[in-house]
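As stored in upload-v4.cif (mmCIF, C-alpha atoms):
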```cif
data_data
loop_
_atom_site.label_atom_id
_atom_site.label_comp_id
_atom_site.auth_asym_id
_atom_site.auth_seq_id
_atom_site.Cartn_x
_atom_site.Cartn_y
_atom_site.Cartn_z
CA MET A 5 -19.93 24.14 23.68
CA LYS A 6 -20.42 27.30 21.65
CA PHE A 7 -18.66 27.79 18.32
CA ASP A 8 -18.27 31.06 16.42
CA ASP A 9 -20.13 30.85 13.13
CA ASN A 10 -18.72 33.24 10.57
CA THR A 11 -20.12 31.23 7.65
CA GLU A 12 -18.67 33.28 4.81
CA GLU A 13 -15.16 33.29 6.29
CA PHE A 14 -15.16 29.55 6.98
CA ASP A 15 -16.61 28.72 3.55
CA ALA A 16 -13.77 30.68 1.96
CA MET A 17 -11.18 28.82 4.04
CA GLY A 18 -12.54 25.48 2.90
CA ASP A 19 -12.64 26.41 -0.75
CA ASN A 20 -9.06 27.64 -0.50
CA HIS A 21 -7.97 24.31 1.05
CA ILE A 22 -6.57 25.76 4.26
CA GLY A 23 -5.43 23.31 6.93
CA SER A 24 -4.95 24.14 10.61
CA ALA A 25 -2.17 21.96 12.05
CA THR A 26 -0.10 18.84 11.52
CA ASP A 27 -2.08 17.10 14.28
CA SER A 28 -5.74 16.40 13.64
CA PRO A 29 -7.71 19.04 15.59
CA MET A 30 -9.52 17.21 18.40
CA LEU A 31 -11.57 18.30 21.40
CA PRO A 32 -10.15 17.46 24.86
CA ASP A 33 -13.11 15.18 25.59
CA ALA A 34 -13.13 13.53 22.15
CA PHE A 35 -13.33 10.03 23.63
CA LYS A 36 -15.71 10.71 26.50
CA LEU A 37 -18.44 8.80 24.65
CA SER A 38 -18.13 5.17 23.62
CA ASP A 39 -18.33 4.30 19.94
CA ASP A 40 -21.85 2.94 20.41
CA LYS A 41 -23.04 6.14 22.10
CA LYS A 42 -21.48 8.19 19.30
CA VAL A 43 -23.38 6.11 16.76
CA GLU A 44 -26.67 6.75 18.58
CA SER A 45 -26.02 10.50 18.76
CA ILE A 46 -24.91 10.85 15.14
CA LYS A 47 -27.86 8.77 13.97
CA GLU A 48 -30.26 11.41 15.32
CA ASP A 49 -28.26 14.20 13.70
CA VAL A 50 -28.35 12.45 10.32
CA ARG A 51 -32.07 11.87 10.72
CA HIS A 52 -32.55 15.60 11.36
CA ILE A 53 -30.50 16.52 8.26
CA MET A 54 -32.50 14.16 6.05
CA GLU A 55 -35.84 15.38 7.39
CA THR A 56 -34.72 19.00 6.93
CA LEU A 57 -33.99 18.16 3.29
CA GLY A 58 -37.54 16.92 3.00
CA LEU A 59 -36.85 13.20 2.76
CA ASP A 60 -39.46 10.70 3.92
CA LEU A 61 -37.74 8.41 6.41
CA THR A 62 -40.70 6.04 6.50
CA ASP A 63 -39.67 4.87 3.02
CA ASP A 64 -38.11 1.40 3.12
CA SER A 65 -35.02 2.61 1.24
CA LEU A 66 -34.35 5.51 3.62
CA LYS A 67 -35.44 4.36 7.06
CA GLY A 68 -32.12 2.65 7.83
CA THR A 69 -29.91 5.39 6.40
CA PRO A 70 -29.33 7.39 9.64
CA ASN A 71 -28.04 4.30 11.41
CA ARG A 72 -25.94 3.19 8.42
CA VAL A 73 -24.32 6.62 8.09
CA ALA A 74 -23.62 6.89 11.82
CA LYS A 75 -21.97 3.45 11.95
CA MET A 76 -19.96 4.26 8.83
CA PHE A 77 -18.68 7.52 10.35
CA VAL A 78 -17.66 6.05 13.70
CA LYS A 79 -16.55 2.53 12.83
CA GLU A 80 -15.26 2.91 9.27
CA ILE A 81 -14.32 6.12 7.49
CA PHE A 82 -13.46 8.11 10.66
CA SER A 83 -12.17 5.24 12.80
CA GLY A 84 -8.64 6.66 12.49
CA LEU A 85 -9.59 9.38 14.98
CA ASN A 86 -9.57 6.76 17.74
CA PRO A 87 -6.03 6.08 19.06
CA ASP A 88 -7.19 2.63 20.18
CA LYS A 89 -7.48 1.73 16.48
CA LYS A 90 -3.88 2.70 15.76
CA PRO A 91 -2.06 -0.28 14.22
CA THR A 92 0.74 -1.85 16.19
CA ALA A 93 3.90 -1.72 14.13
CA SER A 94 6.49 -4.09 15.54
CA THR A 95 9.98 -3.66 14.16
CA PHE A 96 12.67 -6.25 13.58
CA ASP A 97 16.44 -6.14 13.47
CA ASN A 98 17.78 -5.66 9.97
CA LYS A 99 19.77 -8.89 10.23
CA TYR A 100 20.31 -9.16 6.49
CA LYS A 101 21.98 -5.72 6.52
CA TYR A 102 19.84 -4.33 3.71
CA GLY A 103 21.10 -0.77 3.43
CA GLU A 104 19.25 0.57 0.42
CA MET A 105 15.92 2.27 0.10
CA LEU A 106 12.75 0.26 0.63
CA VAL A 107 9.70 1.54 -1.26
CA GLU A 108 6.09 0.51 -0.82
CA LYS A 109 4.28 2.12 -3.74
CA ASN A 110 0.72 2.36 -5.01
CA ILE A 111 -0.87 2.00 -1.58
CA THR A 112 -4.60 2.49 -2.12
CA LEU A 113 -5.81 5.50 -0.15
CA TYR A 114 -9.36 6.45 0.81
CA SER A 115 -9.83 9.50 3.00
CA THR A 116 -12.33 12.31 3.55
CA CYS A 117 -11.91 16.02 2.93
CA GLU A 118 -12.46 17.83 6.21
CA HIS A 119 -13.90 20.90 4.47
CA HIS A 120 -16.86 19.24 2.74
CA PHE A 121 -16.81 15.63 4.01
CA LEU A 122 -16.38 14.33 0.47
CA PRO A 123 -14.02 11.48 -0.51
CA ILE A 124 -10.31 11.73 -1.27
CA VAL A 125 -9.20 8.78 -3.39
CA GLY A 126 -5.68 8.07 -4.56
CA ARG A 127 -2.34 6.36 -4.05
CA ALA A 128 0.38 6.76 -1.45
CA HIS A 129 4.03 5.90 -2.04
CA VAL A 130 6.16 5.42 1.08
CA ALA A 131 9.88 4.78 1.47
CA TYR A 132 12.49 4.49 4.19
CA ILE A 133 16.17 3.72 4.63
CA SER A 134 16.83 1.45 7.61
CA LYS A 135 19.12 2.50 10.45
CA GLY A 136 18.96 -0.94 12.04
CA ASN A 137 15.23 -1.65 12.16
CA VAL A 138 12.73 -2.80 9.53
CA VAL A 139 8.94 -2.98 9.68
CA GLY A 140 6.55 -5.47 8.09
CA LEU A 141 5.38 -4.31 4.68
CA SER A 142 1.68 -4.54 5.52
CA LYS A 143 2.23 -2.26 8.51
CA MET A 144 3.14 0.56 6.15
CA ASN A 145 -0.19 0.11 4.39
CA ARG A 146 -2.00 0.01 7.73
CA ILE A 147 -0.36 3.23 8.91
CA VAL A 148 -1.47 4.97 5.70
CA ASP A 149 -4.99 3.61 6.17
CA TYR A 150 -5.17 4.63 9.84
CA TYR A 151 -4.28 8.27 9.24
CA ALA A 152 -6.45 8.40 6.12
CA LYS A 153 -9.52 7.29 8.10
CA ARG A 154 -10.27 10.70 9.55
CA PRO A 155 -11.32 14.10 8.20
CA GLN A 156 -8.16 15.29 6.47
CA VAL A 157 -6.31 17.71 4.31
CA GLN A 158 -3.82 15.93 2.11
CA GLU A 159 -0.82 17.92 3.32
CA ARG A 160 -1.46 16.92 6.94
CA LEU A 161 -2.03 13.28 5.98
CA THR A 162 1.31 13.15 4.16
CA ILE A 163 3.16 14.61 7.16
CA GLN A 164 1.42 12.33 9.66
CA ILE A 165 2.39 9.19 7.73
CA VAL A 166 6.04 10.25 7.64
CA LYS A 167 6.15 11.25 11.32
CA GLU A 168 4.60 7.96 12.43
CA LEU A 169 7.07 5.87 10.43
CA GLN A 170 9.98 7.96 11.71
CA VAL A 171 8.93 7.13 15.27
CA VAL A 172 8.33 3.45 14.52
CA LEU A 173 11.62 2.95 12.65
CA GLY A 174 13.80 5.27 14.73
CA THR A 175 15.08 7.14 11.70
CA GLU A 176 14.45 10.45 9.97
CA ASP A 177 15.01 8.79 6.60
CA VAL A 178 11.37 8.41 5.61
CA ALA A 179 9.42 9.83 2.66
CA CYS A 180 5.87 9.86 1.38
CA ILE A 181 4.25 11.06 -1.84
CA ILE A 182 0.47 11.08 -2.27
CA ASP A 183 -1.38 11.55 -5.57
CA ALA A 184 -5.13 11.81 -5.01
CA LYS A 185 -8.38 13.10 -6.41
CA HIS A 186 -10.59 15.25 -4.19
CA LEU A 187 -14.28 14.97 -4.90
CA CYS A 188 -14.77 18.44 -3.41
CA VAL A 189 -12.91 19.63 -6.53
CA ASN A 190 -14.01 16.92 -8.97
CA SER A 191 -17.75 16.79 -8.19
CA ARG A 192 -18.61 20.25 -6.81
CA GLY A 193 -17.29 23.79 -7.06
CA ILE A 194 -15.08 23.94 -10.14
CA ARG A 195 -16.04 20.32 -10.99
CA ASP A 196 -12.72 19.53 -12.67
CA ILE A 197 -12.81 15.74 -13.03
CA GLU A 198 -9.27 15.45 -14.44
CA SER A 199 -7.22 17.21 -11.77
CA SER A 200 -5.44 15.48 -8.91
CA THR A 201 -3.39 16.75 -5.99
CA VAL A 202 0.20 15.67 -5.30
CA THR A 203 1.86 16.21 -1.93
CA ALA A 204 5.23 15.10 -0.60
CA GLU A 205 7.09 14.98 2.68
CA PHE A 206 10.81 14.15 2.75
CA GLY A 207 12.79 13.44 5.91
CA GLY A 208 16.50 12.90 6.55
CA LYS A 209 18.40 11.61 3.52
CA PHE A 210 15.34 12.07 1.32
CA LYS A 211 15.92 15.82 1.50
CA GLU A 212 19.04 15.19 -0.60
CA LYS A 213 18.43 15.65 -4.31
CA ASP A 214 19.87 12.31 -5.46
CA THR A 215 18.00 10.25 -2.84
CA ARG A 216 14.75 12.03 -3.63
CA ARG A 217 15.25 11.41 -7.35
CA GLU A 218 15.93 7.70 -6.72
CA PHE A 219 12.66 7.42 -4.77
CA ILE A 220 10.70 9.06 -7.59
CA GLU A 221 12.32 6.76 -10.15
CA TYR A 222 11.23 3.71 -8.15
CA ILE A 223 7.66 5.02 -8.14
CA LYS A 224 7.77 5.31 -11.92
CA LEU A 225 8.78 1.66 -12.39
CA GLU A 226 6.05 -0.42 -13.97
CA THR A 227 5.09 -3.25 -11.66
CA GLN A 228 5.16 -6.64 -13.35
CA PHE A 229 2.96 -9.53 -12.20
#
```
Turn the structure described in the file into structure tokens.
Amino acid sequence: MKFDDNTEEFDAMGDNHIGSATDSPMLPDAFKLSDDKKVESIKEDVRHIMETLGLDLTDDSLKGTPNRVAKMFVKEIFSGLNPDKKPTASTFDNKYKYGEMLVEKNITLYSTCEHHFLPIVGRAHVAYISKGNVVGLSKMNRIVDYYAKRPQVQERLTIQIVKELQVVLGTEDVACIIDAKHLCVNSRGIRDIESSTVTAEFGGKFKEKDTRREFIEYIKLETQF
């Protein structure tokens, strides 16, 4: 497959943090190869990159790096690209008739910037108001983790988390706020180590000012152990 390569234009897009769509951009034959075959292919690509940089892959410290990186890409940090890895999120009847907001805050988030393949590290805060169904708390964490484990822009990640929970719970009343550091900003380019990026997606009742404010106040609460 041939790709246009206007390097200057695409570099500028990445530095300006431009995303393409709310769905992760995937090729039609993205899952033609098995995970193991992808690892073998990526391993050779990593080997080529390292040799091009002038590294000696006969060194004991480096000889296993191509395989380690390939396995990490396919089976760890980009495993969220594979729909087979999507967490099942069974719902339950809200038998106790809890009608207020439920907030799962400070969910640890590790993702990867799709522009430079550098880490995004931060916290996600997710909330919903039940319309009859509830979901296990850990499933909310797993949904965040699943969509984070792919090349991302933070805006898309925030939207994907909300959309998935809306489908699972059968309600529009879902919200997500993410506060994260991007190493493409912190460690390269402008190299601003203090800045972080905050994104939010509000659905249903969370678009109302009072409900949105309540959610934010819950996030601010200091957790006591």
What are the centre and the three edge lengths of an axis-aligned box that wraps all atoms of range 71-77 of chain A in the file, given that 6 Å is added to every side, written as AutoDock Vina command-line options and rounded to one decimal in Å?
```
--center_x -23.4 --center_y 5.4 --center_z 10.0 --size_x 21.4 --size_y 16.3 --size_z 15.9
```
Handout entry: Proximity to Pro87 in chain A - best of A:Thr201, A:Thr175, A:Ser65, A:Ser28, all atoms listed in the file
Key =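 Ranking A:Thr201, A:Thr175, A:Ser65, A:Ser28 by distance to Pro87 in chain A, first place goes to A:Ser28.
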Handout entry: Residue contacts of Ser94 in chain A (10 Å, only C-alpha atoms) excluding same-chain residues fewer than 2 positions away, as a list in words
Key =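 That gives Pro91, Thr92, Phe96, Asn137, Val138, Val139, Gly140, Lys143, Val172 and Leu173 of chain A.
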Suppose we keep C-alpha atoms; can you now write the selection as a compact mmCIF listing (two decimals), in the frame of the given file?
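The new file selection.txt reads:
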```
# COMPACT_ATOMS: atom_id res chain seq x y z
CA PRO A 91 -2.06 -0.28 14.22
CA THR A 92 0.74 -1.85 16.19
CA PHE A 96 12.67 -6.25 13.58
CA ASN A 137 15.23 -1.65 12.16
CA VAL A 138 12.73 -2.80 9.53
CA VAL A 139 8.94 -2.98 9.68
CA GLY A 140 6.55 -5.47 8.09
CA LYS A 143 2.23 -2.26 8.51
CA VAL A 172 8.33 3.45 14.52
CA LEU A 173 11.62 2.95 12.65
```
Problem - Ref. answer, residues at most 9 Å from (-8.5, 13.3, 0.3) with only C-alpha atoms, as a VMD selection string - result: chain A and resid 113 to 118 122 to 126 152 155 to 158 161 184 to 188 201
Keeping only C-alpha atoms, take the residues you just selected and write them out as a compact mmCIF listing (two decimals), in the coordinates of the input.
```
# COMPACT_ATOMS: atom_id res chain seq x y z
CA LEU A 113 -5.81 5.50 -0.15
CA TYR A 114 -9.36 6.45 0.81
CA SER A 115 -9.83 9.50 3.00
CA THR A 116 -12.33 12.31 3.55
CA CYS A 117 -11.91 16.02 2.93
CA GLU A 118 -12.46 17.83 6.21
CA LEU A 122 -16.38 14.33 0.47
CA PRO A 123 -14.02 11.48 -0.51
CA ILE A 124 -10.31 11.73 -1.27
CA VAL A 125 -9.20 8.78 -3.39
CA GLY A 126 -5.68 8.07 -4.56
CA ALA A 152 -6.45 8.40 6.12
CA PRO A 155 -11.32 14.10 8.20
CA GLN A 156 -8.16 15.29 6.47
CA VAL A 157 -6.31 17.71 4.31
CA GLN A 158 -3.82 15.93 2.11
CA LEU A 161 -2.03 13.28 5.98
CA ALA A 184 -5.13 11.81 -5.01
CA LYS A 185 -8.38 13.10 -6.41
CA HIS A 186 -10.59 15.25 -4.19
CA LEU A 187 -14.28 14.97 -4.90
CA CYS A 188 -14.77 18.44 -3.41
CA THR A 201 -3.39 16.75 -5.99
```
Exercise for the section: Could you give me, as number ranges by chain, the residues that have an atom at most 6 Å away from the point (-15.1, 19.1, 8.1) in the coordinates of the file, using only C-alpha atoms? Expected result: A: 118-121
Handout entry: Residue contacts of Gly84 in chain A (6 Å, all atoms listed in the file) excluding same-chain residues fewer than 3 positions away, as a PyMOL selection string
Key = chain A and resi 150-151+153-154
Handout entry: Distance of CA of Ala128 in chain A from CA of Ala204 in chain A, expressed in Å to one decimal place
Key =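 These atoms are spaced 9.7 Å apart.
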Handout entry: Which residue of A:Asn110, A:Gly208, A:Gln228, A:Val148 approaches Asp183 in chain A most closely, using all atoms listed in the file
Key =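 Using all atoms listed in the file, the shortest distance to Asp183 in chain A belongs to A:Asn110.
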Problem - Output check: residues returned by the PyMOL selection byres ((chain A and resi 219) around 9), as a PyMOL selection string - result: chain A and resi 105-107+130-131+179+210+214-218+220-224
Problem - Point-to-point distance in Å for CA of Val178 in chain A and CA of Gly207 in chain A - result: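 Here the two named atoms are 5.2 Å from each other.
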Problem - Evaluate the PyMOL selection byres ((chain A and resi 47) around 9) and report residues as a VMD selection string - result: chain A and resid 42 to 46 48 to 52 69 to 75
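If only C-alpha atoms are the atoms counted, then among A:Leu31, A:Ile181, A:Leu225, A:Leu57 the closest residue to Leu85 in chain A is A:Leu31.
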Problem - Distance of CA of Asp177 in chain A from CA of Gly103 in chain A, expressed in Å to one decimal place - result: 11.8 Å
Exercise for the section: Choose the residue, out of A:Lys109, A:Lys213, A:Thr56, A:Arg146, that has the smallest atom-to-atom separation from Cys180 in chain A; count only C-alpha atoms. Expected result: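 Ranked by minimum distance to Cys180 in chain A, first place goes to A:Lys109.
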Handout entry: the PyMOL selection byres ((chain A and resi 26) around 8) applied to the shown file, residues as JSON, numbers by chain
Key = {"A": [24, 25, 27, 28, 160, 163, 164]}
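Each of A:Ile194, A:Met144, A:Ile133, A:Met54 was compared to Phe206 in chain A using all atoms listed in the file, and A:Ile133 turns out to be the nearest.
The residue that comes closest to Ala93 in chain A, out of A:Ser134, A:Thr112, A:Ser142, A:Asn190 and on the basis of only C-alpha atoms, is A:Ser142.
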Please reconstruct the missing atoms of range 53-73 of chain A (target: N, CA and C atoms) and return them as a tab-separated table (two decimals), in the frame of the given file.
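Saved the output as part.tsv:
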```
chain	number	residue	atom	x	y	z
A	53	ILE	N	-30.94	15.97	9.55
A	53	ILE	CA	-30.50	16.52	8.26
A	53	ILE	C	-31.41	16.03	7.14
A	54	MET	N	-31.68	14.73	7.13
A	54	MET	CA	-32.50	14.16	6.05
A	54	MET	C	-33.92	14.70	6.08
A	55	GLU	N	-34.49	14.84	7.28
A	55	GLU	CA	-35.84	15.38	7.39
A	55	GLU	C	-35.87	16.85	6.99
A	56	THR	N	-34.81	17.59	7.33
A	56	THR	CA	-34.72	19.00	6.93
A	56	THR	C	-34.68	19.13	5.41
A	57	LEU	N	-34.04	18.17	4.75
A	57	LEU	CA	-33.99	18.16	3.29
A	57	LEU	C	-35.32	17.75	2.66
A	58	GLY	N	-36.23	17.29	3.50
A	58	GLY	CA	-37.54	16.92	3.00
A	58	GLY	C	-37.71	15.47	2.65
A	59	LEU	N	-36.77	14.62	3.09
A	59	LEU	CA	-36.85	13.20	2.76
A	59	LEU	C	-37.81	12.46	3.70
A	60	ASP	N	-38.48	11.48	3.16
A	60	ASP	CA	-39.46	10.70	3.92
A	60	ASP	C	-38.78	9.46	4.49
A	61	LEU	N	-38.49	9.51	5.78
A	61	LEU	CA	-37.74	8.41	6.41
A	61	LEU	C	-38.61	7.20	6.72
A	62	THR	N	-39.90	7.25	6.38
A	62	THR	CA	-40.70	6.04	6.50
A	62	THR	C	-40.55	5.15	5.28
A	63	ASP	N	-39.91	5.66	4.22
A	63	ASP	CA	-39.67	4.87	3.02
A	63	ASP	C	-38.68	3.75	3.34
A	64	ASP	N	-38.96	2.56	2.82
A	64	ASP	CA	-38.11	1.40	3.12
A	64	ASP	C	-36.65	1.63	2.75
A	65	SER	N	-36.40	2.38	1.68
A	65	SER	CA	-35.02	2.61	1.24
A	65	SER	C	-34.27	3.57	2.14
A	66	LEU	N	-34.99	4.45	2.84
A	66	LEU	CA	-34.35	5.51	3.62
A	66	LEU	C	-34.36	5.28	5.12
A	67	LYS	N	-35.24	4.44	5.62
A	67	LYS	CA	-35.44	4.36	7.06
A	67	LYS	C	-34.18	3.90	7.81
A	68	GLY	N	-33.34	3.11	7.16
A	68	GLY	CA	-32.12	2.65	7.83
A	68	GLY	C	-30.91	3.52	7.59
A	69	THR	N	-31.07	4.57	6.78
A	69	THR	CA	-29.91	5.39	6.40
A	69	THR	C	-29.26	6.10	7.58
A	70	PRO	N	-30.01	6.73	8.51
A	70	PRO	CA	-29.33	7.39	9.64
A	70	PRO	C	-28.41	6.46	10.42
A	71	ASN	N	-28.87	5.25	10.66
A	71	ASN	CA	-28.04	4.30	11.41
A	71	ASN	C	-26.84	3.85	10.59
A	72	ARG	N	-27.05	3.62	9.28
A	72	ARG	CA	-25.94	3.19	8.42
A	72	ARG	C	-24.86	4.27	8.34
A	73	VAL	N	-25.28	5.51	8.19
A	73	VAL	CA	-24.32	6.62	8.09
A	73	VAL	C	-23.56	6.78	9.40
```
